[in-house]
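Right, one structure below, let's go through it.
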Protein chains: 2
Amino acid sequence: MSRKRWRAVKEIRIADVARLAGVSTATVSRVLSDPDKVRQKTHDLVMEAVKRSGYIPNSTAQKLRTRRTMNVLVIAPRLTNPVFAEILRGVDDELTQSGYGIIIGNLDNRREREARYVDLALSRQVDGVLLLTGYIPEKGPRSMRDSGLPIVAMCAAIHEDGIPNVVVQDREATRQAVEYLARLGHRRFGYISGTLGSIIEFERFAGFQEGIAAAGFSQNDFLRWEGPFVFSTGVTAAEAFLQMKDRPTGIFAACDESAIGFIKRVRAERVRVPQDVSVIGFDGIEYADYTEPTLTTFRQPLHELGCVGADVLLKLIHNEMKPDDWSIRLPVMLLERETTGPVLHKDYKSLRRSAV
Amino acid sequence: MSRKRWRAVKEIRIADVARLAGVSTATVSRVLSDPDKVRQKTHDLVMEAVKRSGYIPNSTAQKLRTRRTMNVLVIAPRLTNPVFAEILRGVDDELTQSGYGIIIGNLDNRREREARYVDLALSRQVDGVLLLTGYIPEKGPRSMRDSGLPIVAMCAAIHEDGIPNVVVQDREATRQAVEYLARLGHRRFGYISGTLGSIIEFERFAGFQEGIAAAGFSQNDFLRWEGPFVFSTGVTAAEAFLQMKDRPTGIFAACDESAIGFIKRVRAERVRVPQDVSVIGFDGIEYADYTEPTLTTFRQPLHELGCVGADVLLKLIHNEMKPDDWSIRLPVMLLERETTGPVLHKDYKSLRRSAV
DNA sequence: TCGATTTTTGTAATCGATTACATCTTGTGA
DNA sequence: TCACAAGATGTAATCGATTACAAAAATCGA
């Protein structure tokens with residue numbers, strides 16, 4: 001038994017089908033791609049041959065000839081982050097419908113991994129790129145822009161000519177978050193950041209500062225804890241929080257994962273949420289509805305974001321629009337759940353003491 | 001200003017480089033793919049021309065000629081499931097290293113979506129397929145096997161000749177779970193299933209039954225609640241559980257998400273975990289460490305699973321092994337955390353009453 | 001029935017690389 | 001210096017489709 005036998009599958013080419021049907025390859029091609037161009041009788045003849053032979057066109061040859069790969073590259077900072085996974089679902093729904101495939105570029109939060117995807121774009125393995133990163137990947141002196149491929153920025157904006165942005169109203173939402181906390185009576189705030197230097201973090205922090213100002217507070221009325229968009233950032237923030245004498249009572253976390261990490265950690269030290277401290281997250285991941293207490297947060301329309309972004313990219317690919325026509329900001333929605341509440345006492349530590 | 005101007009990027013072909021360097025295209029190709037075959041002087045000449053022109057080979061043309069796409073298709077039941085996302089990370093790490101790309105096939109728990117990916121394989125857009133589904137996708141009369149492509153089943157076994165399995169010891173672990181609960185004194189059990197008909201569910205339930213038998217119990221000593229591998233399955237199970245008079249005290253959930261859903265729901269009704277009911281999950285997703293209480297579960301080596309599976313597939317693609325040589329079962333590890341504990345009272349309802 | 005027009009089909013170039021084979025250079029030993 | 005082997009390079013076929021253009025067939029009106 002040959003070592004290769006299991007792989008031996010005879011390849012059927014268009015020429016084989018043509019011979020079988022007694023026509024030229026051109027006719028077979030036409031039957032398959034533009035049936036109206038051929039006589040009904042020929043059409044049936046060819047289709048019969050296609051069916052009998054089980055012919056499926058070699059898509060690589062098609063791609064070379066038509067100069068369309070029917071693939072789109074999606075670059076995400078981290079695939080295990082449910083936010084990106086959910087966006088990807090939307091992208092997938094939209095692209096699959098149009099016959100496009102997705103090649104994933106997972107950076108896993110390591111920027112050096114982007115080089116590989118620059119090559120991918122430059123070597124024309126895709127027709128367009130969706131960036132969830134907030135910046136254009138580079139490899140040495142070359143940028144992905146050099147590929148001339150249509151690029152759409154999603155989730156995190158890229159402010160460059162020719163690149164449409166499909167994002168959410170981060171800044172507005174974060175401002176609202178502060179106002180919401182202020183309305184509940186909070187006077188001292190905490191801000192748990194996302195990945196420093198990222199555009200999303202920039203927007204959300206800007207919104208936070210605006211909210212602080214709008215509510216009549218100053219820079220002295222809040223603290224900022226720093227770290228990437230992961231659980232452990234919240235845990236670290238909580239540990240700093242727990243050390244404090246004069247703790248903030250209204251916490252905004254730039255992502256749900258951090259918020260969850262924070263809550264988990266402070267509750268372990270018998271700090272009550274929301275009685276002792278209110279926490280509000282951002283993202284609206286599914287898991288935020290399964291924490292205890294359930295997380296108050298802003299729900300991003302993640303699936304829609306994916307659909308819309310993919311749709312814009314397809315329009316660019318098909319030259320149906322100019323890139324500057326589009327910059328979409330989808331609204332987010334505040335989900336008031338259980339981790340936020342009114343301030344009970346000015347000094348909640350004395351409250352706790354009396355409760356024990 | 002032309003509507004297309006922003007896309008106008010002159011394509012540099014190998015012939016351009018050849019002309020620039022004053023050599024033939026064959027030489028350019030050799031310099032790039034097998035530098036030892038050319039004189040140093042020519043090599044430098046060509047590389048200079050490559051650099052000056054910014055040439056990057058058109059990968060579609062390469063693929064057509066070499067008949068290698070350098071892409072692998074990964075089919076997963078649901079991308080937003082952290083289990084698959086984590087496996088995908090491992091796959092990505094391994095494949096990227098070898099220069100392969102990943103095309104994702106997300107079924108989103110809808111089997112009808114698989115047809116598209118059968119086409120993808122049949123039209124030779126990929127060199128191999130990783131299946132996380134436990135079955136071979138079909139489209140009408142044609143199966144993905146007809147493509148003759150190497151296939152590796154991961155996570156969920158496929159028992160067919162020529163398909164290596166890279167899975168975890170589901171069955172053994174589930175058996176252990178029951179034994180563990182029995183050792184803690186539990187006598188009435190609950191089993192929250194995964195997707196019915198799936199091979200993973202089959203294995204885990206088989207292990208559960210084995211465990212029941214091994215611990216000396218019978219079919220009458222446990223209940224089974226059915227549903228897919230999602231949070232809400234656990235919630236539904238919890239609702240059935242809450243209706244019962246004579247509740248089980250030891251619950252095994254076929255996935256962490258269901259376990260988390262279950263716990264969340266019963267705690268809302270003041271059922272204590274683990275004092276009133278012990279719950280053990282399966283998967284070891286990151287969230288399971290952020291629930292309250294933290295979930296006792298079996299940690300699957302998800303990242304490793306991905307790496308190993310990808311590695312096996314690469315070996316198949318490169319004909320470095322026969323598919324029947326490999327079926328790997330990775331061990332899982334019990335993480336004893338906070339949702340399991342000894343049975344306190346035979347009738348925990350009376351306990352609760354006295355506590356109130 | 002014939003010629004003009006329209007529709008259908010076929011021939012061959014093309015996409016952009018790789019590579020078998022042929023040819024030309026270079027190097028080596030006598 | 002010459003013959004011959006080894007090494008470097010060039011020529012042209014090839015991968016498998018699509019499609020411009022040419023040629024053939026069908027349709028139509030007079």
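Ordering of the structure tokens sets the chain letters (A, B, ...); residue numbers start at 1 within each chain; ligands are numbered from 1 in the order shown.
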
Using backbone DSSP assignments, extract all strand (DSSP E or B) residues from range 188-303 of chain A; output them as a PDB file with C-alpha atoms, in the first residue's frame.
ATOM      1  CA  PHE A 189     -14.181  58.267  41.400  1.00  0.00           C
ATOM      2  CA  GLY A 190     -11.876  55.584  40.140  1.00  0.00           C
ATOM      3  CA  TYR A 191     -10.908  54.898  36.541  1.00  0.00           C
ATOM      4  CA  ILE A 192      -9.518  51.505  35.527  1.00  0.00           C
ATOM      5  CA  PHE A 222     -10.500  60.718  40.768  1.00  0.00           C
ATOM      6  CA  LEU A 223      -7.807  58.099  40.646  1.00  0.00           C
ATOM      7  CA  ARG A 224      -6.549  56.182  37.664  1.00  0.00           C
ATOM      8  CA  TRP A 225      -5.277  52.613  37.668  1.00  0.00           C
ATOM      9  CA  GLY A 250     -17.728  55.217  41.935  1.00  0.00           C
ATOM     10  CA  ILE A 251     -15.550  53.085  39.678  1.00  0.00           C
ATOM     11  CA  PHE A 252     -15.524  53.048  35.901  1.00  0.00           C
ATOM     12  CA  ALA A 253     -13.661  50.230  34.186  1.00  0.00           C
ATOM     13  CA  SER A 278     -20.362  51.068  42.632  1.00  0.00           C
ATOM     14  CA  VAL A 279     -18.746  49.644  39.527  1.00  0.00           C
ATOM     15  CA  ILE A 280     -19.636  50.255  35.927  1.00  0.00           C
ATOM     16  CA  GLY A 281     -18.044  48.423  33.034  1.00  0.00           C
ATOM     17  CA  PHE A 282     -17.880  48.788  29.284  1.00  0.00           C
ATOM     18  CA  ASP A 283     -18.577  46.270  26.495  1.00  0.00           C
ATOM     19  CA  THR A 296     -23.854  47.477  35.139  1.00  0.00           C
ATOM     20  CA  THR A 297     -22.220  48.268  31.838  1.00  0.00           C
ATOM     21  CA  PHE A 298     -22.527  49.802  28.403  1.00  0.00           C
ATOM     22  CA  ARG A 299     -23.525  47.343  25.768  1.00  0.00           C
TER      23      ARG A 299
END

Can you build me a table of chain B residues sitting at most 7 Å from chain C, with the closest atom pair per residue and its distance in Å to one decimal, using only C-alpha atoms (C1' of nucleotides), sorted by chain and residue number, as a tab-separated table?
residue	atom	partner	partner_atom	distance
B:Arg13	CA	C:DG16	C1'	6.9
B:Asn58	CA	C:DG16	C1'	6.7
B:Ala61	CA	C:DA17	C1'	4.8
B:Gln62	CA	C:DA17	C1'	5.0
B:Arg65	CA	C:DT18	C1'	6.1
B:Thr66	CA	C:DT18	C1'	6.9

I'd like to know which residues of range 25-136 of chain A are helix (DSSP H, G or I) (by DSSP, run on the backbone); could you write them as a PyMOL selection string?
chain A and resi 25-33+35-37+40-53+59-66+82-97+111-122

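Within the 9 Å cut-off around Asp16 in chain A, using only C-alpha atoms (C1' of nucleotides) and omitting residues fewer than 5 positions from it on the same chain, the listed residues are Ala21, Thr25, Ser53 and Tyr55 of chain A.
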
As a PDB file with C-alpha atoms (C1' of nucleotides), in the first residue's frame, please: the residues near Pro57 in chain A (cut-off 12 Å, only C-alpha atoms (C1' of nucleotides), same-chain neighbours under 4 positions excluded).
ATOM      1  CA  GLU A  11      -8.065  16.264  -9.983  1.00  0.00           C
ATOM      2  CA  ILE A  12     -10.708  17.219 -12.496  1.00  0.00           C
ATOM      3  CA  ARG A  13      -9.913  20.271 -14.543  1.00  0.00           C
ATOM      4  CA  ILE A  14     -12.125  22.404 -16.670  1.00  0.00           C
ATOM      5  CA  ALA A  15     -10.617  20.809 -19.752  1.00  0.00           C
ATOM      6  CA  ASP A  16     -11.840  17.406 -18.594  1.00  0.00           C
ATOM      7  CA  VAL A  17     -15.364  18.701 -18.294  1.00  0.00           C
ATOM      8  CA  THR A  25     -13.327  25.270 -21.910  1.00  0.00           C
ATOM      9  CA  VAL A  28     -17.823  25.474 -19.628  1.00  0.00           C
ATOM     10  CA  SER A  29     -16.557  28.576 -17.911  1.00  0.00           C
ATOM     11  CA  LEU A  32     -20.672  28.206 -14.678  1.00  0.00           C
ATOM     12  CA  SER A  33     -20.275  31.938 -14.322  1.00  0.00           C
ATOM     13  CA  VAL A  50     -20.025  18.851 -14.379  1.00  0.00           C
ATOM     14  CA  SER A  53     -17.340  14.403 -13.149  1.00  0.00           C
ATOM     15  CA  ALA A  61      -6.540  29.614 -10.786  1.00  0.00           C
ATOM     16  CA  GLN A  62      -9.686  31.697 -10.693  1.00  0.00           C
ATOM     17  CA  LYS A  63      -8.077  34.094  -8.286  1.00  0.00           C
TER      18      LYS A  63
ATOM     19  CA  ASP B 119     -16.779  24.002  -1.147  1.00  0.00           C
ATOM     20  CA  LEU B 120     -13.740  25.715   0.225  1.00  0.00           C
ATOM     21  CA  ALA B 121     -11.975  22.428   0.704  1.00  0.00           C
ATOM     22  CA  LEU B 122     -13.150  20.964  -2.569  1.00  0.00           C
ATOM     23  CA  SER B 123     -11.985  23.999  -4.499  1.00  0.00           C
ATOM     24  CA  ARG B 124      -8.542  23.630  -2.987  1.00  0.00           C
ATOM     25  CA  GLN B 125      -8.315  26.879  -1.152  1.00  0.00           C
TER      26      GLN B 125
ATOM     27  C1'  DG D  16      -6.079  26.043 -14.298  1.00  0.00           C
ATOM     28  C1'  DA D  17      -8.959  29.072 -14.859  1.00  0.00           C
ATOM     29  C1'  DT D  18     -11.213  33.637 -17.584  1.00  0.00           C
TER      30       DT D  18
END

Compute the set of chain B residues within 8 Å of chain D, using only C-alpha atoms (C1' of nucleotides), and express it as an MDAnalysis selection string.
chainID B and resid 24 26:27 37:39 64:67
